[in-house]
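S.K.: Coordinates in my_file_36.cif, mmCIF, C-alpha atoms, are listed below.
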data_my_file
#
loop_
_atom_site.label_atom_id
_atom_site.label_comp_id
_atom_site.auth_asym_id
_atom_site.auth_seq_id
_atom_site.Cartn_x
_atom_site.Cartn_y
_atom_site.Cartn_z
CA MET A 1 -88.79 33.76 92.32
CA GLN A 2 -87.99 30.45 90.74
CA PHE A 3 -89.32 27.22 92.12
CA PHE A 4 -88.12 24.75 89.60
CA GLY A 5 -84.50 25.55 89.10
CA GLY A 6 -83.42 27.01 85.77
CA SER A 7 -86.01 28.08 83.26
CA GLU A 8 -84.41 25.99 80.57
CA ILE A 9 -85.38 22.39 80.86
CA SER A 10 -82.63 21.16 78.61
CA PRO A 11 -79.63 23.40 78.97
CA SER A 12 -77.67 24.28 75.86
CA PRO A 13 -73.94 24.72 75.90
CA PRO A 14 -72.88 28.34 76.29
CA VAL A 15 -72.72 30.38 73.14
CA PRO A 16 -69.11 30.46 72.06
CA THR A 17 -67.71 33.90 72.60
CA ALA A 18 -65.04 33.85 69.96
CA SER A 19 -66.10 32.85 66.48
CA GLY A 20 -64.26 30.05 64.79
CA ASN A 21 -65.12 27.30 67.18
CA ASN A 22 -68.64 26.49 66.07
CA ALA A 23 -68.15 23.36 64.05
CA HIS A 24 -67.80 20.00 65.72
CA MET A 25 -67.39 17.57 62.87
CA MET A 26 -68.18 16.86 59.29
CA TYR A 27 -68.89 13.78 57.17
CA VAL A 28 -68.98 13.31 53.43
CA PHE A 29 -70.64 10.16 52.10
CA ASN A 30 -71.08 9.01 48.54
CA ARG A 31 -74.10 7.26 47.10
CA ASN A 32 -72.84 3.84 48.19
CA GLY A 33 -72.53 4.79 51.83
CA VAL A 34 -68.75 5.03 51.71
CA CYS A 35 -67.49 7.66 54.08
CA LEU A 36 -65.26 9.71 51.81
CA LEU A 37 -64.21 12.12 54.47
CA TYR A 38 -64.50 12.62 58.19
CA ARG A 39 -63.17 15.78 59.79
CA GLU A 40 -63.28 16.53 63.44
CA TRP A 41 -62.67 19.90 65.03
CA ASN A 42 -64.29 19.82 68.38
CA ARG A 43 -65.62 16.52 69.59
CA LEU A 44 -65.25 15.55 73.20
CA LEU A 45 -66.92 12.19 73.31
CA HIS A 46 -66.10 9.16 71.21
CA THR A 47 -68.19 6.13 72.04
CA LEU A 48 -67.82 4.05 68.90
CA ASN A 49 -64.98 3.17 66.65
CA ALA A 50 -64.75 5.25 63.51
CA GLN A 51 -66.28 2.70 61.19
CA GLN A 52 -69.31 2.07 63.40
CA ASP A 53 -69.72 5.79 63.91
CA HIS A 54 -69.85 6.41 60.14
CA LYS A 55 -72.27 3.59 59.61
CA LEU A 56 -74.52 4.86 62.36
CA MET A 57 -74.53 8.36 60.89
CA PHE A 58 -75.30 7.09 57.40
CA GLY A 59 -78.06 4.87 58.76
CA LEU A 60 -79.56 7.79 60.66
CA LEU A 61 -79.68 9.94 57.55
CA PHE A 62 -81.03 7.17 55.40
CA SER A 63 -83.86 6.40 57.82
CA LEU A 64 -84.62 10.03 58.55
CA LYS A 65 -84.90 10.77 54.83
CA SER A 66 -87.20 7.84 54.34
CA LEU A 67 -89.27 9.00 57.32
CA THR A 68 -89.52 12.64 56.22
CA ALA A 69 -90.63 11.52 52.77
CA LYS A 70 -93.23 9.25 54.34
CA MET A 71 -94.58 12.06 56.53
CA ASP A 72 -94.83 14.50 53.62
CA PRO A 73 -98.44 15.76 53.64
CA THR A 74 -98.17 17.40 50.22
CA ASN A 75 -97.31 14.35 48.19
CA ALA A 76 -99.78 11.61 47.36
CA GLU A 77 -97.29 9.18 45.86
CA LYS A 78 -95.22 7.58 48.53
CA GLY A 79 -94.18 4.05 49.05
CA ASN A 80 -94.10 2.17 52.29
CA LEU A 81 -91.57 3.12 54.88
CA GLY A 82 -88.21 1.69 53.97
CA VAL A 83 -89.05 1.07 50.33
CA PRO A 84 -86.07 2.12 48.21
CA GLN A 85 -86.37 5.57 46.71
CA LEU A 86 -84.63 7.06 43.75
CA SER A 87 -81.77 9.16 44.98
CA GLY A 88 -83.17 12.61 45.74
CA GLN A 89 -86.77 11.51 45.28
CA GLY A 90 -89.39 12.83 47.65
CA CYS A 91 -88.69 15.54 50.15
CA SER A 92 -85.66 15.71 52.34
CA PHE A 93 -84.62 17.51 55.48
CA HIS A 94 -82.05 20.27 55.76
CA SER A 95 -81.14 20.13 59.42
CA PHE A 96 -82.20 19.12 62.86
CA ARG A 97 -81.34 20.68 66.16
CA THR A 98 -81.01 19.24 69.62
CA ASN A 99 -80.26 21.13 72.79
CA THR A 100 -76.56 20.49 72.36
CA TYR A 101 -75.87 20.45 68.64
CA LYS A 102 -77.25 21.13 65.20
CA LEU A 103 -76.83 18.75 62.29
CA SER A 104 -77.06 20.21 58.79
CA PHE A 105 -77.42 17.94 55.82
CA MET A 106 -77.16 18.32 52.08
CA GLU A 107 -77.51 15.71 49.37
CA SER A 108 -76.71 16.32 45.72
CA PRO A 109 -78.69 14.49 43.05
CA SER A 110 -75.54 12.47 42.43
CA GLY A 111 -75.82 11.10 45.96
CA ILE A 112 -73.00 13.02 47.64
CA LYS A 113 -74.08 13.69 51.21
CA ILE A 114 -72.44 16.40 53.26
CA ILE A 115 -73.11 16.52 56.98
CA LEU A 116 -71.95 19.26 59.27
CA VAL A 117 -72.45 19.15 63.02
CA THR A 118 -72.24 22.53 64.70
CA HIS A 119 -73.21 24.50 67.77
CA PRO A 120 -77.01 24.61 68.14
CA ARG A 121 -77.14 28.38 67.74
CA THR A 122 -75.69 28.40 64.22
CA GLY A 123 -78.01 29.69 61.52
CA ASP A 124 -79.09 28.23 58.21
CA LEU A 125 -76.08 26.44 56.74
CA ARG A 126 -77.50 25.37 53.39
CA GLU A 127 -75.38 27.88 51.51
CA SER A 128 -72.31 26.83 53.47
CA LEU A 129 -72.88 23.20 52.56
CA LYS A 130 -73.20 24.19 48.92
CA TYR A 131 -69.94 26.03 49.23
CA ILE A 132 -68.32 22.92 50.71
CA TYR A 133 -69.72 20.91 47.79
CA ASN A 134 -67.99 23.36 45.46
CA LEU A 135 -64.75 22.92 47.38
CA TYR A 136 -65.17 19.17 46.98
CA VAL A 137 -65.55 19.61 43.22
CA GLU A 138 -62.50 21.85 42.93
CA TYR A 139 -60.12 19.94 45.17
CA VAL A 140 -61.31 16.37 44.91
CA VAL A 141 -63.33 15.68 41.78
CA LYS A 142 -60.98 17.66 39.57
CA ASN A 143 -57.92 15.98 41.00
CA PRO A 144 -56.90 13.44 38.36
CA LEU A 145 -55.11 11.30 40.93
CA TYR A 146 -58.23 10.87 43.03
CA ALA A 147 -60.07 7.64 42.27
CA PRO A 148 -63.84 8.21 42.60
CA GLY A 149 -65.42 6.33 45.50
CA THR A 150 -62.30 6.10 47.65
CA PRO A 151 -61.63 8.01 50.87
CA ILE A 152 -60.32 11.49 50.25
CA ARG A 153 -56.74 12.16 51.22
CA SER A 154 -56.08 15.71 50.20
CA GLU A 155 -54.17 18.13 52.35
CA LEU A 156 -55.30 21.00 50.17
CA PHE A 157 -58.94 20.13 50.60
CA ASN A 158 -58.55 19.68 54.36
CA THR A 159 -56.79 22.99 54.73
CA SER A 160 -59.38 24.92 52.79
CA LEU A 161 -62.16 23.17 54.69
CA ASP A 162 -60.61 24.02 58.05
CA GLN A 163 -60.24 27.60 56.94
CA TYR A 164 -63.80 27.86 55.71
CA VAL A 165 -65.36 26.13 58.68
CA ARG A 166 -63.75 28.63 61.01
CA THR A 167 -65.80 31.37 59.35
CA ILE A 168 -69.13 29.65 59.98
CA ALA A 169 -71.17 31.61 62.47
CA MET B 1 -92.45 26.30 45.31
CA ALA B 2 -89.08 24.75 44.97
CA PRO B 3 -86.56 26.96 43.24
CA VAL B 4 -86.37 26.18 39.55
CA GLY B 5 -82.99 25.51 38.03
CA PRO B 6 -81.70 27.57 35.16
CA ARG B 7 -83.18 26.95 31.74
CA SER B 8 -80.09 28.05 29.90
CA GLY B 9 -76.43 27.77 30.66
CA ASP B 10 -75.47 31.26 29.50
CA ALA B 11 -75.00 32.75 32.95
CA ILE B 12 -72.97 29.77 34.14
CA PHE B 13 -70.90 29.71 30.96
CA ALA B 14 -70.01 33.34 31.56
CA ASN B 15 -68.72 32.50 35.03
CA VAL B 16 -66.76 29.30 34.56
CA GLU B 17 -63.13 29.10 33.61
CA ARG B 18 -62.67 28.69 29.89
CA VAL B 19 -59.83 27.56 27.68
CA ASN B 20 -58.98 28.63 24.19
CA ALA B 21 -61.30 26.80 21.80
CA GLU B 22 -58.60 25.98 19.27
CA LEU B 23 -56.30 24.61 21.92
CA PHE B 24 -59.16 22.45 23.14
CA THR B 25 -60.05 21.21 19.66
CA LEU B 26 -56.46 20.45 18.78
CA THR B 27 -55.83 18.69 22.08
CA TYR B 28 -58.83 16.46 21.51
CA GLY B 29 -57.67 15.82 17.97
CA ALA B 30 -54.22 14.87 19.18
CA THR B 31 -55.76 12.48 21.68
CA VAL B 32 -57.82 10.73 19.02
CA ARG B 33 -54.83 10.61 16.72
CA GLN B 34 -52.70 9.01 19.41
CA LEU B 35 -55.41 6.45 20.17
CA LEU B 36 -55.55 5.52 16.49
CA THR B 37 -51.81 4.97 16.50
CA ASP B 38 -51.80 3.01 19.74
CA LEU B 39 -54.85 0.83 19.25
CA GLU B 40 -54.76 0.47 15.46
CA GLU B 41 -58.36 -0.78 15.24
CA VAL B 42 -61.01 1.89 14.69
CA GLU B 43 -63.52 -0.14 16.74
CA GLU B 44 -61.12 -0.18 19.68
CA VAL B 45 -60.69 3.56 19.44
CA ASN B 46 -64.45 4.04 19.57
CA LYS B 47 -64.58 1.91 22.68
CA GLN B 48 -61.70 3.70 24.30
CA LEU B 49 -63.19 7.13 23.59
CA ASP B 50 -66.46 6.01 25.11
CA GLN B 51 -64.66 4.75 28.21
CA MET B 52 -62.71 7.99 28.53
CA GLY B 53 -65.94 9.91 28.23
CA TYR B 54 -67.54 7.75 30.89
CA ASN B 55 -64.67 8.43 33.28
CA ILE B 56 -65.07 12.13 32.62
CA GLY B 57 -68.84 11.95 33.02
CA ILE B 58 -68.83 10.40 36.48
CA ARG B 59 -66.76 13.33 37.74
CA LEU B 60 -68.25 16.04 35.61
CA ILE B 61 -71.72 15.48 37.03
CA ASP B 62 -70.63 16.84 40.41
CA GLU B 63 -69.16 19.94 38.87
CA PHE B 64 -72.32 20.39 36.86
CA LEU B 65 -74.56 20.04 39.90
CA ALA B 66 -72.38 22.24 42.10
CA LYS B 67 -72.20 25.11 39.63
CA SER B 68 -75.54 25.00 37.89
CA ASN B 69 -77.80 24.82 40.95
CA VAL B 70 -80.05 22.53 38.98
CA THR B 71 -82.44 20.72 41.27
CA ARG B 72 -83.68 17.23 40.66
CA CYS B 73 -85.41 16.79 37.31
CA VAL B 74 -88.98 15.54 37.53
CA ASP B 75 -88.72 13.28 34.51
CA PHE B 76 -86.43 12.17 31.75
CA ARG B 77 -87.76 14.85 29.41
CA GLU B 78 -86.57 17.54 31.73
CA THR B 79 -83.24 15.75 32.12
CA ALA B 80 -82.68 15.77 28.37
CA GLU B 81 -83.56 19.46 28.14
CA VAL B 82 -81.16 20.30 30.95
CA ILE B 83 -78.35 18.35 29.27
CA ALA B 84 -78.94 20.06 25.94
CA LYS B 85 -79.52 23.61 27.18
CA VAL B 86 -77.42 23.85 30.33
CA GLY B 87 -74.91 21.01 30.17
CA PHE B 88 -73.66 21.49 26.63
CA LYS B 89 -73.54 25.25 27.09
CA MET B 90 -71.64 25.02 30.33
CA PHE B 91 -68.94 22.64 29.14
CA LEU B 92 -68.75 23.09 25.37
CA GLY B 93 -70.18 26.56 24.86
CA VAL B 94 -72.85 25.38 22.43
CA THR B 95 -76.49 24.52 22.88
CA ALA B 96 -78.25 21.50 21.49
CA THR B 97 -81.88 20.77 20.74
CA VAL B 98 -83.90 17.81 21.89
CA SER B 99 -86.33 16.07 19.56
CA ASN B 100 -87.61 12.74 18.26
CA TRP B 101 -89.23 11.65 21.50
CA ASP B 102 -90.72 8.21 21.54
CA ALA B 103 -94.17 7.62 23.01
CA ASP B 104 -93.11 6.68 26.56
CA GLY B 105 -90.66 9.54 26.93
CA THR B 106 -87.68 7.25 27.46
CA CYS B 107 -85.81 7.78 24.22
CA CYS B 108 -84.88 11.01 22.47
CA SER B 109 -82.32 12.63 20.24
CA ILE B 110 -79.98 15.42 21.18
CA ILE B 111 -79.04 17.34 18.06
CA LEU B 112 -75.94 19.47 17.84
CA GLU B 113 -75.71 21.99 15.02
CA ASP B 114 -72.39 23.27 16.09
CA ASN B 115 -69.71 21.01 17.48
CA PRO B 116 -66.43 22.53 18.62
CA LEU B 117 -64.68 19.14 18.69
CA VAL B 118 -64.66 18.73 14.95
CA ASP B 119 -63.22 22.00 13.66
CA PHE B 120 -60.36 21.21 11.24
CA VAL B 121 -61.34 17.53 11.06
CA GLU B 122 -61.82 15.36 7.99
CA LEU B 123 -62.09 11.61 8.27
CA PRO B 124 -59.61 9.84 5.98
CA ASP B 125 -60.75 6.70 4.13
CA THR B 126 -58.94 4.47 6.60
CA CYS B 127 -61.05 5.76 9.51
CA GLN B 128 -64.55 5.57 8.10
CA GLY B 129 -65.86 3.53 11.02
CA LEU B 130 -64.63 6.05 13.57
CA TYR B 131 -67.08 7.91 15.76
CA TYR B 132 -64.83 10.88 16.20
CA CYS B 133 -66.92 12.45 18.98
CA ASN B 134 -67.61 9.21 20.81
CA ILE B 135 -66.27 10.79 23.97
CA LEU B 136 -69.47 12.85 24.20
CA SER B 137 -71.71 9.82 24.34
CA GLY B 138 -69.54 8.40 27.10
CA VAL B 139 -69.74 11.62 29.08
CA ILE B 140 -73.54 11.65 28.94
CA ARG B 141 -73.76 7.99 29.88
CA GLY B 142 -71.38 8.40 32.82
CA ALA B 143 -72.99 11.56 34.12
CA LEU B 144 -76.50 10.12 33.99
CA GLU B 145 -75.38 6.95 35.68
CA MET B 146 -74.32 9.00 38.69
CA VAL B 147 -77.83 10.40 38.99
CA SER B 148 -79.33 6.90 38.98
CA MET B 149 -80.16 6.61 35.29
CA LYS B 150 -78.80 3.78 33.19
CA THR B 151 -78.75 4.93 29.60
CA GLU B 152 -77.56 3.87 26.22
CA VAL B 153 -76.15 6.61 24.01
CA THR B 154 -75.56 6.07 20.30
CA TRP B 155 -74.70 8.25 17.33
CA ILE B 156 -77.41 8.53 14.70
CA ARG B 157 -76.02 11.26 12.51
CA ASP B 158 -72.50 12.59 12.17
CA VAL B 159 -71.41 15.43 9.91
CA LEU B 160 -67.99 13.84 9.47
CA ARG B 161 -69.74 10.87 7.87
CA GLY B 162 -71.70 13.04 5.49
CA ASP B 163 -74.86 13.80 7.48
CA ASP B 164 -76.22 17.29 8.03
CA ALA B 165 -76.00 17.45 11.84
CA TYR B 166 -74.76 15.61 14.91
CA GLU B 167 -77.47 13.51 16.45
CA LEU B 168 -77.07 11.51 19.64
CA GLN B 169 -79.76 9.09 20.65
CA VAL B 170 -80.19 8.82 24.41
CA LYS B 171 -82.22 5.90 25.59
CA LEU B 172 -83.22 5.48 29.23
CA LEU B 173 -82.86 1.84 30.20
CA LYS B 174 -83.76 1.99 33.87
CA GLN B 175 -83.71 4.15 36.94
CA VAL B 176 -81.89 2.65 39.87
CA PRO B 177 -83.43 3.25 43.30
CA GLU B 178 -81.29 4.12 46.27
CA GLU B 179 -80.83 1.18 48.56
CA TYR B 180 -79.41 0.80 51.99
CA PRO B 181 -75.84 -0.22 51.22
CA TYR B 182 -75.03 -2.20 54.35
CA LYS B 183 -76.11 -5.68 55.27
CA ASP B 184 -77.74 -6.02 58.67
CA ASP B 185 -75.24 -8.49 60.04
CA GLU B 186 -72.13 -6.59 58.99
#
Please express the file's structure as structure tokens.

M.R.:
Amino acid sequence: MQFFGGSEISPSPPVPTASGNNAHMMYVFNRNGVCLLYREWNRLLHTLNAQQDHKLMFGLLFSLKSLTAKMDPTNAEKGNLGVPQLSGQGCSFHSFRTNTYKLSFMESPSGIKIILVTHPRTGDLRESLKYIYNLYVEYVVKNPLYAPGTPIRSELFNTSLDQYVRTIA
Amino acid sequence: MAPVGPRSGDAIFANVERVNAELFTLTYGATVRQLLTDLEEVEEVNKQLDQMGYNIGIRLIDEFLAKSNVTRCVDFRETAEVIAKVGFKMFLGVTATVSNWDADGTCCSIILEDNPLVDFVELPDTCQGLYYCNILSGVIRGALEMVSMKTEVTWIRDVLRGDDAYELQVKLLKQVPEEYPYKDDE
């Protein structure tokens, strides 16, 4: 007998039955906070305009990184919260999960940040993010017509991303 | 323990796409030749090669990081080793040695015994001031800048100028911390 309604306090969305619909959206930022790419596959709610949304996401990551480095119990050398760090210095987080989504994060030492928001039941995506980084190298960095630091407009890259993201379980 | 990056680039070199070495050498030679014709001044050619290298370097770093799985280097010493052992192997198929460290560990030499760029090359009398491989110094400078290190890269020895090896001096000027890029009131 249940007295207090469902056993789950914070209900998660149902597990998708068919694969291929797990990813919600993806961001790629460079070291200067420029949003190089934003892809959206499955996002119901838009509350902010695109620019504010990107800024908010970058700010979240920046603060969270600073916070995780500050909390690091294994490292004696840490500055005050908010003090600038060398890119990649200190520890960093890989992902966080809420009841409704999971955010996976990867940063290369060159400051490229790849963020993938997926269904909360998805597994460890670190290898997937690395794979996406490789796609970025092949389709974007090696494209001689792409000017570094500008938003990516590459159909080829988008297509291969869409294809790959569909395989993420 | 964090996973340690590779200490040699052999495995990566075996897996990346390669081009014919002679084609590569001759293409580079043709580029330098064309620059000499276009710019006329040897000094200008040096500058241009360095700039071209820089433009390559700022892109090449991402390919390097994506394929080599190198994690962040703890200090500049490790950085130099990784460039010499993994970087040069991965992109040029040769390895270099690192030596001549100064006391603070901010300045060192990368020495190349074997340099695929210079096969078939002799400097004529009119080009004595030319740093034929100046593109390499630009590449290193550009790549390091993308991982927050401002460096100065200069040639110390050059076989084409009668020395016994190729020696590049890499000097770390400063490390740039990551800062929040937006202003609060934006």

S.K.: Given the choices A:Tyr139, A:Tyr133, A:Tyr38, A:Phe93, which gets closest to chain B if the distance is worked out from all atoms listed in the file?

M.R.: A:Tyr133

S.K.: Going by the chain IDs and residue numbers used in this file, which residues fall under the PyMOL selection byres ((chain B) within 7 of (chain A))? Write them as a list in words.

M.R.: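 So the PyMOL selection byres ((chain B) within 7 of (chain A)) ends up selecting Arg59, Asp62, Glu63, Ala66, Arg72, Met146, Val147, Ser148, Val176, Pro177, Glu178, Glu179 and Pro181 of chain B.
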
S.K.: Would you work out the distance separating atom CA of Lys89 of chain B from atom CA of Phe24 of chain B, expressed in Å to one decimal?

M.R.: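 Interatomic distance here is 15.2 Å.
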
S.K.: Evaluating the PyMOL selection byres ((chain B and resi 142) around 8) on the displayed file yields which residues, as an mmCIF file with C-alpha atoms, in the coordinates of the input?

M.R.:
data_model
loop_
_atom_site.group_PDB
_atom_site.id
_atom_site.type_symbol
_atom_site.label_atom_id
_atom_site.label_comp_id
_atom_site.auth_asym_id
_atom_site.auth_seq_id
_atom_site.Cartn_x
_atom_site.Cartn_y
_atom_site.Cartn_z
ATOM 1 C CA GLY B 53 -65.940 9.910 28.230
ATOM 2 C CA TYR B 54 -67.540 7.750 30.890
ATOM 3 C CA ASN B 55 -64.670 8.430 33.280
ATOM 4 C CA ILE B 56 -65.070 12.130 32.620
ATOM 5 C CA GLY B 57 -68.840 11.950 33.020
ATOM 6 C CA ILE B 58 -68.830 10.400 36.480
ATOM 7 C CA GLY B 138 -69.540 8.400 27.100
ATOM 8 C CA VAL B 139 -69.740 11.620 29.080
ATOM 9 C CA ILE B 140 -73.540 11.650 28.940
ATOM 10 C CA ARG B 141 -73.760 7.990 29.880
ATOM 11 C CA ALA B 143 -72.990 11.560 34.120
ATOM 12 C CA LEU B 144 -76.500 10.120 33.990
ATOM 13 C CA GLU B 145 -75.380 6.950 35.680
ATOM 14 C CA MET B 146 -74.320 9.000 38.690
#

S.K.: Near Glu122 of chain B, within 10 Å and counting all atoms listed in the file, which residues show up once chain neighbours fewer than 2 positions away are dropped, as an mmCIF file with C-alpha atoms, in the frame of the given file?

M.R.:
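As written to disk, out35.cif reads:
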data_model
loop_
_atom_site.group_PDB
_atom_site.id
_atom_site.type_symbol
_atom_site.label_atom_id
_atom_site.label_comp_id
_atom_site.auth_asym_id
_atom_site.auth_seq_id
_atom_site.Cartn_x
_atom_site.Cartn_y
_atom_site.Cartn_z
ATOM 1 C CA VAL B 118 -64.660 18.730 14.950
ATOM 2 C CA ASP B 119 -63.220 22.000 13.660
ATOM 3 C CA PHE B 120 -60.360 21.210 11.240
ATOM 4 C CA PRO B 124 -59.610 9.840 5.980
ATOM 5 C CA ASP B 125 -60.750 6.700 4.130
ATOM 6 C CA CYS B 127 -61.050 5.760 9.510
ATOM 7 C CA TYR B 132 -64.830 10.880 16.200
ATOM 8 C CA VAL B 159 -71.410 15.430 9.910
ATOM 9 C CA LEU B 160 -67.990 13.840 9.470
ATOM 10 C CA ARG B 161 -69.740 10.870 7.870
#

S.K.: Taking the file above as input, evaluate the PyMOL selection byres ((chain B and resi 99) around 12) and report the hits as a list in words.

M.R.: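 Applied to this file, the PyMOL selection byres ((chain B and resi 99) around 12) returns Arg77, Ala80, Glu81, Ala84, Ala96, Thr97, Val98, Asn100, Trp101, Asp102, Gly105, Thr106, Cys107, Cys108, Ser109, Ile110, Ile111, Leu112, Glu167, Leu168, Gln169 and Val170 of chain B.
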
S.K.: List the spatial neighbours of Leu56 of chain A as a list in words - criterion: any atom at most 12 Å away, only C-alpha atoms, same-chain residues fewer than 3 positions off excluded.

M.R.: Tyr27, Gly33, Cys35, Thr47, Leu48, Asn49, Ala50, Gln51, Gln52, Asp53, Gly59, Leu60, Leu61, Phe62, Ser63 and Leu64 of chain A; Tyr182 and Asp184 of chain B

S.K.: So how many Å separate atom CA of Gly87 of chain B and atom CA of Val19 of chain B, to one decimal?

M.R.: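 Separating atom CA of Gly87 of chain B from atom CA of Val19 of chain B is a distance of 16.6 Å.
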
S.K.: Atom CA of Thr118 of chain A and atom CA of Thr159 of chain A are how many Å apart?

M.R.: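 That distance, rounded to one decimal, is 18.4 Å.
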
S.K.: With all atoms listed in the file as the atoms that count, which of B:Thr25, B:Gln51, B:Thr31, B:Asn115 lies nearest to Thr95 of chain B?

M.R.: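 Result for the nearest residue to Thr95 of chain B: B:Asn115.
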
S.K.: Please determine, counting only C-alpha atoms, which residue among A:Ala69, A:Val28, A:Leu45, A:Leu125 has the shortest atom-to-atom distance to Glu107 of chain A.

M.R.: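 Closest residue, counting only C-alpha atoms: A:Val28.
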
S.K.: For Val42 of chain B, which of B:Thr126, B:Asp164, B:Leu173, B:Val70 is the closest residue, counting all atoms listed in the file?

M.R.: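 For Val42 of chain B, the nearest of the given residues is B:Thr126.
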
S.K.: Which is closer to Leu172 of chain B than all the others in B:Val16, B:Leu130, B:Leu92, B:Met149, using all atoms listed in the file?

M.R.: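 That would be B:Met149, the residue with the smallest distance to Leu172 of chain B.
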
S.K.: From the set A:Met71, A:Leu129, A:Met25, A:Val165, which residue has the shortest atom-to-atom contact distance to Ser95 of chain A, counting all atoms listed in the file?

M.R.: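 Checking each of A:Met71, A:Leu129, A:Met25, A:Val165 against Ser95 of chain A, counting all atoms listed in the file, the winner is A:Leu129.
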
S.K.: Specify the axis-aligned box that encloses all atoms of segment 172-177 of chain B listed in the file after padding of 5 Å on each side, stating its centre and edge lengths in Å to one decimal as JSON.

M.R.:
{"center_x": -82.8, "center_y": 3.7, "center_z": 36.3, "size_x": 11.9, "size_y": 13.6, "size_z": 24.1}

S.K.: Provide segment 130-162 of chain A of the preceding structure as a file containing C-alpha atoms, as a CSV table (one decimal), in the first residue's frame.

M.R.:
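Output saved as part.csv:
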chain,number,residue,atom,x,y,z
A,130,LYS,CA,35.9,12.7,-27.7
A,131,TYR,CA,34.5,11.2,-30.9
A,132,ILE,CA,32.6,14.5,-31.5
A,133,TYR,CA,35.9,16.4,-31.0
A,134,ASN,CA,37.4,14.2,-33.7
A,135,LEU,CA,34.6,15.0,-36.0
A,136,TYR,CA,35.1,18.7,-35.3
A,137,VAL,CA,38.8,18.3,-36.2
A,138,GLU,CA,38.0,16.5,-39.4
A,139,TYR,CA,35.2,18.6,-40.7
A,140,VAL,CA,35.8,22.0,-39.2
A,141,VAL,CA,39.5,22.5,-38.3
A,142,LYS,CA,40.8,20.9,-41.4
A,143,ASN,CA,38.4,22.9,-43.6
A,144,PRO,CA,40.6,25.7,-45.1
A,145,LEU,CA,37.6,27.9,-45.7
A,146,TYR,CA,36.7,27.9,-42.0
A,147,ALA,CA,38.1,30.9,-40.1
A,148,PRO,CA,39.0,29.9,-36.5
A,149,GLY,CA,36.8,31.4,-33.9
A,150,THR,CA,33.8,32.0,-36.0
A,151,PRO,CA,30.5,30.1,-35.8
A,152,ILE,CA,30.6,26.8,-37.7
A,153,ARG,CA,28.4,26.6,-40.8
A,154,SER,CA,29.1,23.2,-42.2
A,155,GLU,CA,26.4,21.0,-43.6
A,156,LEU,CA,28.8,18.0,-43.7
A,157,PHE,CA,29.6,18.4,-40.0
A,158,ASN,CA,26.0,18.8,-39.1
A,159,THR,CA,25.0,15.7,-41.0
A,160,SER,CA,27.6,13.6,-39.5
A,161,LEU,CA,26.8,14.9,-36.0
A,162,ASP,CA,23.1,14.2,-36.5
